[in-house]
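**Q** Provided herewith: upload.txt, compact mmCIF, C-alpha atoms and all ligand atoms.
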# COMPACT_ATOMS: atom_id res chain seq x y z
CA MET A 235 0.00 0.00 0.00
CA GLY A 236 1.30 3.50 -0.85
CA GLY A 237 2.01 6.27 1.61
CA VAL A 238 -0.13 9.33 2.27
CA GLU A 239 -0.76 11.39 -0.89
CA PHE A 240 0.44 15.01 -0.83
CA LEU A 241 0.79 18.01 -3.11
CA LYS A 242 2.83 21.16 -2.67
CA GLY A 243 1.57 24.53 -3.85
CA HIS A 244 1.75 28.24 -3.22
CA GLY A 245 -0.12 31.51 -3.66
CA THR A 246 2.30 34.44 -4.06
CA GLU A 247 4.89 32.21 -2.33
CA ASN A 248 2.78 31.58 0.76
CA ASP A 249 3.35 27.83 0.53
CA PHE A 250 1.27 24.84 1.59
CA VAL A 251 1.29 21.09 1.77
CA LEU A 252 -2.06 19.78 0.56
CA LEU A 253 -3.33 16.47 1.93
CA PRO A 254 -6.24 15.03 -0.06
CA ASP A 255 -8.41 13.30 2.55
CA PRO A 256 -11.92 13.14 1.04
CA ASP A 257 -13.23 10.68 3.61
CA GLY A 258 -11.67 12.47 6.58
CA VAL A 259 -9.64 9.49 7.77
CA LEU A 260 -6.20 11.14 8.22
CA ASP A 261 -5.08 11.61 11.81
CA LEU A 262 -3.53 15.06 11.32
CA THR A 263 -1.93 15.76 14.68
CA GLU A 264 -0.09 18.97 15.62
CA ALA A 265 3.17 17.00 15.57
CA ARG A 266 2.51 15.84 12.01
CA VAL A 267 1.68 19.37 10.83
CA ARG A 268 4.87 20.72 12.43
CA ALA A 269 6.99 17.95 10.86
CA LEU A 270 5.44 18.40 7.39
CA CYS A 271 6.03 22.18 7.50
CA ASP A 272 9.57 21.95 8.86
CA ARG A 273 11.94 23.12 6.11
CA GLN A 274 14.77 20.85 7.29
CA ARG A 275 13.16 17.61 8.46
CA GLY A 276 9.93 17.73 6.43
CA LEU A 277 8.59 19.05 3.13
CA GLY A 278 8.63 22.66 4.29
CA ALA A 279 5.60 24.97 4.17
CA ASP A 280 3.83 27.84 5.92
CA GLY A 281 0.78 25.66 6.48
CA VAL A 282 -1.19 22.52 5.66
CA LEU A 283 -4.45 22.34 3.70
CA ARG A 284 -6.34 19.10 4.35
CA VAL A 285 -8.88 18.52 1.58
CA VAL A 286 -12.06 17.06 3.05
CA ARG A 287 -15.42 16.24 1.47
CA PRO A 288 -18.12 16.65 4.17
CA GLU A 289 -21.32 14.61 3.92
CA VAL A 290 -23.18 17.86 3.33
CA GLY A 291 -21.88 21.09 1.81
CA PRO A 292 -18.88 22.07 -0.27
CA TRP A 293 -15.30 20.76 -0.16
CA PHE A 294 -13.80 21.89 3.15
CA MET A 295 -10.35 23.43 3.62
CA ASP A 296 -9.00 22.24 6.97
CA TYR A 297 -6.21 24.84 7.39
CA ARG A 298 -3.35 24.50 9.91
CA ASN A 299 -0.50 26.91 10.60
CA ALA A 300 3.10 25.62 10.50
CA ASP A 301 3.20 25.43 14.30
CA GLY A 302 0.21 23.06 14.25
CA SER A 303 -2.35 25.64 15.36
CA ILE A 304 -5.73 25.97 13.67
CA ALA A 305 -6.82 29.23 12.01
CA GLU A 306 -10.20 30.34 10.80
CA MET A 307 -9.18 31.43 7.33
CA CYS A 308 -6.33 31.57 4.84
CA GLY A 309 -6.88 33.68 1.73
CA ASN A 310 -3.90 32.40 -0.23
CA GLY A 311 -4.77 28.88 0.91
CA VAL A 312 -8.30 29.11 -0.51
CA ARG A 313 -6.89 30.04 -3.93
CA VAL A 314 -4.48 27.09 -3.93
CA PHE A 315 -7.21 24.78 -2.58
CA ALA A 316 -9.62 25.86 -5.36
CA HIS A 317 -6.92 25.39 -7.99
CA TYR A 318 -6.31 21.86 -6.67
CA LEU A 319 -10.03 20.94 -6.77
CA VAL A 320 -10.21 21.95 -10.43
CA ASP A 321 -6.88 20.34 -11.34
CA ALA A 322 -7.98 17.07 -9.71
CA GLY A 323 -11.29 17.12 -11.58
CA LEU A 324 -13.24 17.31 -8.32
CA VAL A 325 -15.13 20.42 -9.43
CA PRO A 326 -15.51 22.02 -12.88
CA GLU A 327 -13.50 25.19 -13.66
CA GLY A 328 -15.43 28.37 -12.99
CA GLU A 329 -17.47 29.34 -9.97
CA PHE A 330 -17.96 27.18 -6.89
CA VAL A 331 -17.78 27.41 -3.10
CA VAL A 332 -15.06 26.36 -0.64
CA GLY A 333 -15.92 25.62 2.99
CA THR A 334 -13.64 27.08 5.69
CA ARG A 335 -13.88 27.56 9.46
CA GLY A 336 -14.50 31.22 8.61
CA GLY A 337 -17.57 30.35 6.54
CA GLU A 338 -18.24 29.40 2.94
CA LYS A 339 -16.14 31.30 0.37
CA PRO A 340 -17.37 31.57 -3.24
CA VAL A 341 -14.44 31.39 -5.68
CA VAL A 342 -13.89 31.88 -9.39
CA VAL A 343 -11.03 29.94 -11.00
CA HIS A 344 -10.05 31.94 -14.08
CA PRO A 345 -8.71 30.38 -17.30
CA ASP A 346 -5.23 31.84 -16.62
CA GLY A 347 -5.07 29.91 -13.32
CA SER A 348 -5.61 32.95 -11.10
CA VAL A 349 -8.40 32.75 -8.55
CA THR A 350 -10.80 35.31 -7.10
CA VAL A 351 -12.10 34.60 -3.59
CA GLU A 352 -15.16 36.28 -2.06
CA MET A 353 -13.63 36.92 1.35
CA GLY A 354 -16.81 38.19 3.00
CA PRO A 355 -17.21 41.20 5.28
CA VAL A 356 -14.20 43.03 6.71
CA ARG A 357 -14.69 44.47 10.20
CA ILE A 358 -12.58 47.21 11.78
CA THR A 359 -12.66 46.36 15.48
CA GLY A 360 -10.41 49.03 17.00
CA THR A 361 -6.83 50.22 17.14
CA SER A 362 -3.67 48.95 18.78
CA THR A 363 0.10 49.09 18.49
CA THR A 364 2.93 46.69 17.81
CA LYS A 365 6.65 47.03 18.38
CA THR A 366 9.40 45.67 16.17
CA THR A 367 12.92 46.67 15.14
CA GLY A 368 13.00 49.11 18.06
CA ALA A 369 10.01 51.14 16.92
CA ASP A 370 6.31 51.33 17.75
CA PHE A 371 3.73 51.08 14.99
CA ALA A 372 0.11 52.11 15.33
CA GLY A 373 -2.42 50.06 13.44
CA VAL A 374 -6.02 49.18 12.86
CA ALA A 375 -7.43 45.91 14.20
CA VAL A 376 -9.20 44.15 11.35
CA ASP A 377 -11.28 40.98 11.43
CA VAL A 378 -11.16 39.15 8.10
CA GLY A 379 -12.45 35.95 9.70
CA ASN A 380 -9.06 35.82 11.43
CA PRO A 381 -7.43 38.63 13.45
CA HIS A 382 -5.08 41.26 12.03
CA LEU A 383 -3.35 44.44 13.11
CA ALA A 384 -2.57 46.33 9.91
CA CYS A 385 -0.14 49.23 10.36
CA VAL A 386 0.21 51.80 7.61
CA THR A 387 3.59 53.45 8.09
CA ASP A 388 6.05 55.84 6.44
CA VAL A 389 8.95 53.64 7.62
CA HIS A 390 10.20 51.69 4.59
CA ILE A 391 9.09 48.13 5.31
CA ALA A 392 12.32 46.74 3.84
CA THR A 393 14.14 48.04 6.94
CA LEU A 394 12.11 45.91 9.37
CA ASP A 395 13.53 42.82 11.02
CA LEU A 396 10.61 40.40 11.30
CA THR A 397 12.68 37.36 12.30
CA GLU A 398 11.44 37.75 15.89
CA GLN A 399 7.81 37.89 17.04
CA PRO A 400 6.88 41.60 17.19
CA HIS A 401 5.29 42.64 20.48
CA PHE A 402 1.50 43.05 20.49
CA ASP A 403 -1.13 43.65 23.17
CA PRO A 404 -2.57 40.28 24.31
CA ALA A 405 -5.47 42.13 25.98
CA VAL A 406 -6.59 43.26 22.50
CA PHE A 407 -5.63 40.02 20.76
CA PRO A 408 -6.08 37.19 23.29
CA ASN A 409 -5.86 34.56 20.52
CA GLY A 410 -2.80 36.07 18.86
CA VAL A 411 -2.72 38.22 15.74
CA ASN A 412 -1.32 38.52 12.25
CA LEU A 413 0.73 41.74 11.95
CA GLU A 414 0.93 43.68 8.68
CA PHE A 415 3.30 46.55 7.93
CA VAL A 416 2.13 48.60 4.97
CA ASN A 417 3.57 51.36 2.79
CA VAL A 418 1.23 53.33 0.55
CA LEU A 419 3.08 53.97 -2.73
CA ARG A 420 0.23 55.92 -4.32
CA ASP A 421 -3.57 55.79 -4.41
CA GLY A 422 -4.52 52.12 -4.73
CA VAL A 423 -0.96 50.78 -4.74
CA LEU A 424 0.36 49.29 -1.49
CA ARG A 425 3.27 47.12 -0.44
CA MET A 426 3.19 44.93 2.64
CA ARG A 427 5.21 42.63 4.83
CA VAL A 428 3.60 40.33 7.35
CA HIS A 429 4.40 38.40 10.50
CA GLU A 430 1.81 35.63 10.67
CA ARG A 431 0.37 34.12 13.80
CA GLY A 432 1.52 30.51 14.06
CA VAL A 433 4.10 30.83 11.30
CA GLY A 434 6.47 33.86 11.47
CA GLU A 435 7.28 36.12 8.55
CA THR A 436 5.79 34.75 5.33
CA ARG A 437 6.15 35.97 1.77
CA SER A 438 2.44 36.71 1.54
CA CYS A 439 -0.79 36.56 3.51
CA GLY A 440 -4.07 36.86 1.61
CA THR A 441 -6.25 37.81 4.57
CA GLY A 442 -3.44 40.19 5.56
CA THR A 443 -3.61 42.00 2.22
CA VAL A 444 -7.36 42.50 2.70
CA ALA A 445 -6.68 43.87 6.19
CA ALA A 446 -3.96 46.15 4.77
CA VAL A 447 -6.34 47.65 2.22
CA ALA A 448 -9.08 48.05 4.86
CA SER A 449 -6.59 49.84 7.13
CA TRP A 450 -5.44 52.15 4.35
CA LEU A 451 -9.04 52.99 3.36
CA HIS A 452 -9.94 53.57 7.02
CA GLY A 453 -7.10 56.09 7.32
CA GLU A 454 -8.49 57.85 4.24
CA GLY A 455 -11.95 58.01 5.80
CA ARG A 456 -13.27 55.52 3.26
CA THR A 457 -15.00 52.16 3.70
CA THR A 458 -14.84 50.90 0.13
CA GLY A 459 -12.18 50.88 -2.56
CA GLN A 460 -9.61 48.76 -4.30
CA ALA A 461 -5.84 48.35 -4.37
CA THR A 462 -3.05 46.13 -5.53
CA VAL A 463 -0.77 44.89 -2.79
CA ASP A 464 2.84 43.95 -3.49
CA VAL A 465 4.14 41.32 -1.12
CA LEU A 466 7.53 39.61 -1.06
CA GLY A 467 6.11 36.78 -3.18
CA GLY A 468 4.23 38.74 -5.83
CA ARG A 469 1.10 40.85 -6.24
CA VAL A 470 -2.57 40.43 -5.40
CA ALA A 471 -5.61 42.62 -6.02
CA VAL A 472 -8.11 43.45 -3.29
CA GLU A 473 -11.52 45.06 -3.54
CA ILE A 474 -13.55 46.09 -0.53
CA GLY A 475 -17.24 46.86 -0.87
CA GLU A 476 -20.11 47.30 1.59
CA GLY A 477 -20.20 44.05 3.58
CA ARG A 478 -18.00 42.20 1.13
CA SER A 479 -14.45 41.90 -0.17
CA THR A 480 -12.56 40.01 -2.85
CA LEU A 481 -8.99 38.79 -3.18
CA THR A 482 -7.54 37.91 -6.60
CA GLY A 483 -4.16 36.37 -7.22
CA PRO A 484 -2.21 33.42 -8.55
CA ALA A 485 -2.36 29.83 -7.34
CA VAL A 486 0.33 27.33 -8.30
CA LEU A 487 0.75 23.58 -7.78
CA VAL A 488 4.41 22.58 -7.89
CA ALA A 489 4.68 18.94 -6.86
CA ARG A 490 2.81 15.81 -5.90
CA GLY A 491 3.86 12.53 -4.38
CA GLU A 492 3.53 10.19 -1.44
CA LEU A 493 4.80 10.62 2.09
CA ASP A 494 6.94 7.80 3.39
CA GLN A 495 4.54 5.67 5.42
CA ALA A 496 7.16 4.72 8.03
CA TRP A 497 8.06 8.42 8.57
CA TRP A 498 4.39 9.38 8.89
CA ASP A 499 3.72 6.54 11.32
CA SER A 500 6.73 7.56 13.42
CA LEU A 501 5.36 11.07 14.05
N1 LIG A 601 -1.48 32.98 5.11
C1 LIG A 601 -2.86 33.06 5.32
C2 LIG A 601 -3.33 33.24 6.74
C3 LIG A 601 -3.09 31.97 7.54
C4 LIG A 601 -3.67 32.00 8.95
C5 LIG A 601 -2.97 32.95 9.87
N2 LIG A 601 -1.59 32.62 10.08
C6 LIG A 601 -3.72 32.96 11.22
O1 LIG A 601 -3.29 32.28 12.17
O2 LIG A 601 -4.75 33.63 11.30
C7 LIG A 601 -3.60 33.90 4.30
O3 LIG A 601 -3.18 33.86 3.14
O4 LIG A 601 -4.61 34.51 4.63
Here is a file; write its structure as structure tokens.

**A**
Amino acid sequence: MGGVEFLKGHGTENDFVLLPDPDGVLDLTEARVRALCDRQRGLGADGVLRVVRPEVGPWFMDYRNADGSIAEMCGNGVRVFAHYLVDAGLVPEGEFVVGTRGGEKPVVVHPDGSVTVEMGPVRITGTSTTKTTGADFAGVAVDVGNPHLACVTDVHIATLDLTEQPHFDPAVFPNGVNLEFVNVLRDGVLRMRVHERGVGETRSCGTGTVAAVASWLHGEGRTTGQATVDVLGGRVAVEIGEGRSTLTGPAVLVARGELDQAWWDSL
């Protein structure tokens, strides 16, 4: 019998191990997620996307951060997940819905392989600060299904050292937070770096880009608008409307294979 099937993919270089598990039989422990995501002793990834077919409802993305923790939503992950479903012939190309812990997300898989995700409402929940590289940054707390503190700043984000966890206020974010640092280049053109909860600095965070645009618009006294966001791993487009938002960007599958059964069993 073969080992556990896997694929590797990324969305703007936010990378994932996908585990097709239609019948929900995989025992995906925290230790197994950590080992899979480890860039030395595993395959290496920012997170794991387990692909489950519930008895009722759409295909479900069971997302885990690299440290084994569970998060409500992953915008880049949904794009890669949707691309996989089409590539595997599990759904026809075009429009369909992906289930997540943050609710059902309608997607459109475009002929060029890019994917648009209906991310749902974006809620500004307050303000807070974070500290990194010896400086304090003020930001806007944004709920995109998962928690963010998006800080628009004039400090060039290339100068930040995000190798350590930036300080944040646990009273405001008792479950942790994703931290975005954002430069506005001109109207509708942003660049962003991110320190993700449960991962560390990543090359992109889809929900983070939505939070970044919401934070920028908020600072402009606006609630709707659109922007491109340049991240270390590429570019995405975000649109925020009344009670809704969309994220559009690439989704790439790079490899597929089988995990060694003895290694998996040892974890
Ligand atoms: N990279 C993701 C977000 C993944 C979850 C996040 N680390 C959290 O814990 O909330 C994205 O593309 O949105």

**Q** Give the residue list for ligand LIG 601 (chain A) at 7 Å, counting all atoms listed in the file, as a list in words, sorted by chain and then by residue number.

**A**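 Protein and nucleic-acid residues within 7 Å of ligand LIG 601 (chain A): Asn248, Asn299, Ile304, Ala305, Glu306, Met307, Cys308, Gly309, Asn310, Gly311, Asn380, Pro381, Val411, Asn412, Glu430, Arg431, Gly432, Val433, Ser438, Cys439, Gly440, Thr441 and Gly442 of chain A.
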
**Q** With the cut-off set at 8 Å and counting only C-alpha atoms, tabulate each residue of stretch 242-356 of chain A with an atom at most that distance from an atom of stretch 483-493 of chain A, showing the nearest atom pair and its distance in Å to one decimal, ordered by chain and increasing number, as a Markdown table.

**A**
| residue | atom | partner | partner_atom | distance |
| --- | --- | --- | --- | --- |
| A:Lys242 | CA | A:Ala489 | CA | 5.1 |
| A:Gly243 | CA | A:Leu487 | CA | 4.1 |
| A:His244 | CA | A:Val486 | CA | 5.4 |
| A:Gly245 | CA | A:Ala485 | CA | 4.6 |
| A:Thr246 | CA | A:Pro484 | CA | 6.4 |
| A:Asn310 | CA | A:Ala485 | CA | 7.7 |
| A:Arg313 | CA | A:Ala485 | CA | 5.7 |
| A:Val314 | CA | A:Ala485 | CA | 4.9 |
| A:His317 | CA | A:Ala485 | CA | 6.4 |
| A:Tyr318 | CA | A:Leu487 | CA | 7.4 |
| A:Gly347 | CA | A:Ala485 | CA | 6.6 |
| A:Ser348 | CA | A:Pro484 | CA | 4.3 |
| A:Val349 | CA | A:Gly483 | CA | 5.7 |
| A:Thr350 | CA | A:Gly483 | CA | 6.7 |

**Q** Using Å and a single decimal, report how far atom CA of A:Ala372 sits from atom CA of A:Leu394.

**A**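 Taking atom CA of A:Leu394 and atom CA of A:Ala372, their separation equals 14.8 Å.
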
**Q** What separation in Å, quoted to one decimal, exists between atom CA of A:Leu253 and atom CA of A:Tyr297?

**A**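 Here the two named atoms are 10.4 Å from each other.
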
**Q** Choose the residue, out of A:Val312, A:Met426, A:Ala405, A:Val386, that has the smallest atom-to-atom separation from A:Arg335; count only C-alpha atoms.

**A**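 Comparing A:Val312, A:Met426, A:Ala405, A:Val386 against A:Arg335, the winner is A:Val312.
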
**Q** Any idea what's packed within 10 Å of A:Thr458, counting all atoms listed in the file, ignoring anything in its chain fewer than 6 positions away? Could you give it as a ChimeraX atom specification?

**A** /A:447-448,451-452,473-479

**Q** With N, CA and C atoms as the goal, would you fill in the gaps in stretch 439-456 of chain A and present it as an mmCIF file, keeping the file's coordinate frame?

**A**
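Ended up saving to rebuild-v7.cif:
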data_model
loop_
_atom_site.group_PDB
_atom_site.id
_atom_site.type_symbol
_atom_site.label_atom_id
_atom_site.label_comp_id
_atom_site.auth_asym_id
_atom_site.auth_seq_id
_atom_site.Cartn_x
_atom_site.Cartn_y
_atom_site.Cartn_z
ATOM 1 N N CYS A 439 0.343 36.990 2.691
ATOM 2 C CA CYS A 439 -0.790 36.560 3.510
ATOM 3 C C CYS A 439 -2.035 37.181 2.884
ATOM 4 N N GLY A 440 -2.907 36.352 2.340
ATOM 5 C CA GLY A 440 -4.070 36.860 1.610
ATOM 6 C C GLY A 440 -5.019 37.639 2.498
ATOM 7 N N THR A 441 -5.381 37.069 3.660
ATOM 8 C CA THR A 441 -6.250 37.810 4.570
ATOM 9 C C THR A 441 -5.545 39.089 5.021
ATOM 10 N N GLY A 442 -4.221 39.014 5.157
ATOM 11 C CA GLY A 442 -3.440 40.190 5.560
ATOM 12 C C GLY A 442 -3.512 41.310 4.531
ATOM 13 N N THR A 443 -3.524 40.948 3.245
ATOM 14 C CA THR A 443 -3.610 42.000 2.220
ATOM 15 C C THR A 443 -4.989 42.679 2.266
ATOM 16 N N VAL A 444 -6.024 41.895 2.566
ATOM 17 C CA VAL A 444 -7.360 42.500 2.700
ATOM 18 C C VAL A 444 -7.371 43.451 3.903
ATOM 19 N N ALA A 445 -6.762 43.008 5.008
ATOM 20 C CA ALA A 445 -6.680 43.870 6.190
ATOM 21 C C ALA A 445 -5.876 45.136 5.894
ATOM 22 N N ALA A 446 -4.807 44.991 5.111
ATOM 23 C CA ALA A 446 -3.960 46.150 4.770
ATOM 24 C C ALA A 446 -4.763 47.188 3.992
ATOM 25 N N VAL A 447 -5.546 46.720 3.030
ATOM 26 C CA VAL A 447 -6.340 47.650 2.220
ATOM 27 C C VAL A 447 -7.428 48.295 3.084
ATOM 28 N N ALA A 448 -8.047 47.493 3.959
ATOM 29 C CA ALA A 448 -9.080 48.050 4.860
ATOM 30 C C ALA A 448 -8.467 49.125 5.757
ATOM 31 N N SER A 449 -7.259 48.877 6.246
ATOM 32 C CA SER A 449 -6.590 49.840 7.130
ATOM 33 C C SER A 449 -6.260 51.126 6.379
ATOM 34 N N TRP A 450 -5.753 50.974 5.167
ATOM 35 C CA TRP A 450 -5.440 52.150 4.350
ATOM 36 C C TRP A 450 -6.705 52.967 4.073
ATOM 37 N N LEU A 451 -7.778 52.280 3.650
ATOM 38 C CA LEU A 451 -9.040 52.990 3.360
ATOM 39 C C LEU A 451 -9.559 53.693 4.613
ATOM 40 N N HIS A 452 -9.475 53.003 5.759
ATOM 41 C CA HIS A 452 -9.940 53.570 7.020
ATOM 42 C C HIS A 452 -9.216 54.886 7.310
ATOM 43 N N GLY A 453 -7.904 54.872 7.097
ATOM 44 C CA GLY A 453 -7.100 56.090 7.320
ATOM 45 C C GLY A 453 -7.486 57.214 6.379
ATOM 46 N N GLU A 454 -8.047 56.854 5.235
ATOM 47 C CA GLU A 454 -8.490 57.850 4.240
ATOM 48 C C GLU A 454 -9.928 58.278 4.474
ATOM 49 N N GLY A 455 -10.546 57.695 5.529
ATOM 50 C CA GLY A 455 -11.950 58.010 5.800
ATOM 51 C C GLY A 455 -12.898 57.331 4.830
ATOM 52 N N ARG A 456 -12.439 56.237 4.235
ATOM 53 C CA ARG A 456 -13.270 55.520 3.260
ATOM 54 C C ARG A 456 -13.570 54.112 3.775
#
